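Visitor: I am attaching a structure below and will ask some questions about it afterwards.
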Amino acid sequence: MSGMVLHPGHDDLHGITVLVEGTSGRTYVGRWHERQERGVVMRDTAILEPGSDRDAWLAQLRKFGVPPEHRTLVIQAEEFVSVGKF
Amino acid sequence: MPYPELMIAPMRQEVTRLGVQELKTVAEVDAALGDAEGTAFVFVNSMCGCAAGGARPALAKALAGSAPKPGKMVTVFAGQDLEATARVRSYFGAYQPSSPSAALMKNGEVVAFIHRHEIEGRSPDQIASAITAAFEAHCA
């Protein structure tokens, strides 16, 4: 299924669980919905604040899944640094 | 919001034709999972084409293999059978909701869990291997 886009009008990452780095130092893990001019729209997203133990947090998410802390979240364009598959 | 049943029916049948019991009510979930003894495999089905479209064929491949099988195999359809899905998830303890996903339970505890993020972008063969590995580890 890799590379297959089954949602017309959306990009390759649509529906994929991703890790986004923010300029604030926050880490976001959730499902990529779409990129807009104002930023990135994410679904069912968990956020780690700067200064927390990121490795432990990511290990927790990998084992138990991503807690849907934010059903829909917009990461503003100026906050967005990078994205990668979780 | 639930999708028209006409769209969903083939996705349900892709799983139930494998001999997996579909649970549509809270009572059915409790009847299936309330008795904690033994092993139970729970497949959380989903409309999502890019993930569930790989998970359902993977389940078929895993069940066609020679690995030992769980004592029970059940499924719920997330986004459609809302109360049954919520009830099933109540049996998953600390594991977060996602769909599609799959859990293998043994004596009432989750012993293996395949999250949506472990299904996305993977081939049915890769997903089937994960299911089979769980069966081999816990169902012998």
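Going through the structure tokens in order, the chains are called A, B, and so on, while each chain numbers its residues from 1 and the ligands are numbered from 1 in the order shown.
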Applying 8 Å and only C-alpha atoms, which residues near Ala102 of chain B remain after dropping the ones on its own chain fewer than 6 positions away? List them as a list in words.

Guide: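 These residues fall inside the cut-off: Phe41, Val42, Phe43, Val44, Phe113, Ile114 and His115 of chain B.
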
Visitor: Please identify every residue of chain B that has at least one atom no more than 12 Å from any atom of chain A, counting only C-alpha atoms, and report them as a ChimeraX atom specification.

Guide: /B:47-55,57-58,92-103,110-127

Visitor: Only C-alpha atoms, please: the residues just picked out, written as a PDB file, in the first residue's frame.

Guide:
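So again.pdb came out as:
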ATOM      1  CA  MET B  47     -13.331   2.483   6.591  1.00  0.00           C
ATOM      2  CA  CYS B  48      -9.871   3.983   6.036  1.00  0.00           C
ATOM      3  CA  GLY B  49      -8.650   2.723   2.693  1.00  0.00           C
ATOM      4  CA  CYS B  50      -4.982   3.490   3.099  1.00  0.00           C
ATOM      5  CA  ALA B  51      -4.609   1.508   6.333  1.00  0.00           C
ATOM      6  CA  ALA B  52      -7.516  -0.916   6.610  1.00  0.00           C
ATOM      7  CA  GLY B  53      -7.130  -1.713   2.922  1.00  0.00           C
ATOM      8  CA  GLY B  54      -3.886  -3.406   3.893  1.00  0.00           C
ATOM      9  CA  ALA B  55      -4.987  -4.739   7.275  1.00  0.00           C
ATOM     10  CA  PRO B  57      -5.878  -8.813   3.474  1.00  0.00           C
ATOM     11  CA  ALA B  58      -3.154  -9.161   6.096  1.00  0.00           C
ATOM     12  CA  PHE B  92      -7.708  -2.630  26.068  1.00  0.00           C
ATOM     13  CA  GLY B  93      -6.584  -0.861  29.246  1.00  0.00           C
ATOM     14  CA  ALA B  94      -3.825   1.679  28.600  1.00  0.00           C
ATOM     15  CA  TYR B  95      -3.767   1.106  24.841  1.00  0.00           C
ATOM     16  CA  GLN B  96      -5.003   4.145  22.957  1.00  0.00           C
ATOM     17  CA  PRO B  97      -7.819   3.949  20.419  1.00  0.00           C
ATOM     18  CA  SER B  98      -6.892   3.727  16.767  1.00  0.00           C
ATOM     19  CA  SER B  99      -8.383   2.119  13.730  1.00  0.00           C
ATOM     20  CA  PRO B 100      -7.622  -0.094  12.093  1.00  0.00           C
ATOM     21  CA  SER B 101      -5.824  -1.924  14.857  1.00  0.00           C
ATOM     22  CA  ALA B 102      -5.656  -5.367  16.370  1.00  0.00           C
ATOM     23  CA  ALA B 103      -5.210  -6.741  19.850  1.00  0.00           C
ATOM     24  CA  VAL B 110      -3.563  -7.369  26.120  1.00  0.00           C
ATOM     25  CA  VAL B 111      -0.411  -9.293  25.243  1.00  0.00           C
ATOM     26  CA  ALA B 112       0.126  -7.851  21.759  1.00  0.00           C
ATOM     27  CA  PHE B 113      -1.221  -4.778  20.044  1.00  0.00           C
ATOM     28  CA  ILE B 114      -0.844  -3.646  16.460  1.00  0.00           C
ATOM     29  CA  HIS B 115      -1.568   0.057  16.216  1.00  0.00           C
ATOM     30  CA  ARG B 116      -2.676   1.955  13.167  1.00  0.00           C
ATOM     31  CA  HIS B 117       0.758   3.547  12.924  1.00  0.00           C
ATOM     32  CA  GLU B 118       2.212   0.040  12.563  1.00  0.00           C
ATOM     33  CA  ILE B 119      -0.183  -0.694   9.703  1.00  0.00           C
ATOM     34  CA  GLU B 120       0.068   2.484   7.631  1.00  0.00           C
ATOM     35  CA  GLY B 121       2.302   2.196   4.616  1.00  0.00           C
ATOM     36  CA  ARG B 122       3.079  -1.469   5.241  1.00  0.00           C
ATOM     37  CA  SER B 123       2.248  -4.281   2.865  1.00  0.00           C
ATOM     38  CA  PRO B 124      -0.293  -6.967   3.783  1.00  0.00           C
ATOM     39  CA  ASP B 125       2.611  -9.423   4.041  1.00  0.00           C
ATOM     40  CA  GLN B 126       4.371  -7.237   6.590  1.00  0.00           C
ATOM     41  CA  ILE B 127       1.221  -6.765   8.645  1.00  0.00           C
TER      42      ILE B 127
END

Visitor: As an exercise, work out the distance from atom CA of Val15 of chain B to atom CA of Ala64 of chain B in Å and give it to one decimal place.

Guide: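 Value for the atom CA of Val15 of chain B-atom CA of Ala64 of chain B distance: 12.6 Å.
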
Visitor: Excluding Tyr91 of chain B and residues on its chain fewer than 6 positions from it, collect all residues at most 10 Å away from it, counting only C-alpha atoms, and give them as number ranges by chain.

Guide: B: 29-30, 33-34, 103, 105, 108-110

Visitor: How would the residues just chosen look if you wrote them out with N, CA and C atoms as a tab-separated table (two decimals), in the first residue's frame?

Guide:
chain	number	residue	atom	x	y	z
B	29	VAL	N	-20.23	-7.70	22.81
B	29	VAL	CA	-18.83	-7.54	23.21
B	29	VAL	C	-18.58	-8.18	24.56
B	30	ASP	N	-19.46	-7.90	25.51
B	30	ASP	CA	-19.28	-8.46	26.85
B	30	ASP	C	-19.41	-9.98	26.84
B	33	LEU	N	-15.95	-11.11	25.27
B	33	LEU	CA	-14.70	-10.80	25.96
B	33	LEU	C	-14.82	-10.82	27.48
B	34	GLY	N	-16.03	-10.89	27.99
B	34	GLY	CA	-16.22	-10.89	29.44
B	34	GLY	C	-15.60	-12.11	30.10
B	103	ALA	N	-5.73	-6.38	18.53
B	103	ALA	CA	-5.21	-6.74	19.85
B	103	ALA	C	-5.32	-8.24	20.04
B	105	MET	N	-5.48	-10.76	23.15
B	105	MET	CA	-5.68	-10.78	24.60
B	105	MET	C	-5.51	-12.21	25.11
B	108	GLY	N	-7.63	-12.05	29.64
B	108	GLY	CA	-8.13	-10.72	29.94
B	108	GLY	C	-7.14	-9.59	29.79
B	109	GLU	N	-5.89	-9.90	29.49
B	109	GLU	CA	-4.86	-8.86	29.35
B	109	GLU	C	-4.41	-8.76	27.90
B	110	VAL	N	-4.13	-7.54	27.46
B	110	VAL	CA	-3.56	-7.37	26.12
B	110	VAL	C	-2.12	-7.83	26.15

Visitor: Extract the full set of alpha helix (DSSP H) residues from chain B according to DSSP on the backbone, and format it as number ranges by chain.

Guide: B: 5-16, 26-33, 49-64, 82-90, 124-138

Visitor: What are the DSSP strand (DSSP E) residues of segment 39-88 of chain B, as a PyMOL selection string?

Guide: chain B and resi 39-45+72-77

Visitor: Restricting the calculation to only C-alpha atoms, which member of B:Leu104, B:Ala133, B:Ala86, B:Val76 is positioned closest to Leu23 of chain B?

Guide: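 Comparing B:Leu104, B:Ala133, B:Ala86, B:Val76 against Leu23 of chain B, the winner is B:Val76.
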
Visitor: Which residues are close to Arg54 of chain A, i.e. within 12 Å by only C-alpha atoms, leaving aside same-chain residues fewer than 2 positions away? Reply as a ChimeraX atom specification.

Guide: /A:19,21,25-29,47-52,56-61

Visitor: Which residues come within 9 Å of Gln76 of chain A, counting only C-alpha atoms, excluding same-chain residues fewer than 2 positions away, as an MDAnalysis selection string?

Guide: chainID A and resid 37:41 74 78:80

Visitor: Given only C-alpha atoms as the basis, pick out the residue of B:Glu37, B:Glu22, B:Glu136, B:Glu5 nearest to Val88 of chain B.

Guide: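 Closest to Val88 of chain B of all the choices is B:Glu22.
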
Visitor: What is the distance, in Å and to one decimal place, between atom CA of Ala32 of chain B and atom CA of Gln80 of chain B?

Guide: 18.9 Å

Visitor: From the options B:Arg12, B:Arg17, B:Lys106, B:Arg89, which residue's atoms come nearest to Pro70 of chain B, counting only C-alpha atoms?

Guide: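 The closest residue to Pro70 of chain B is B:Lys106.
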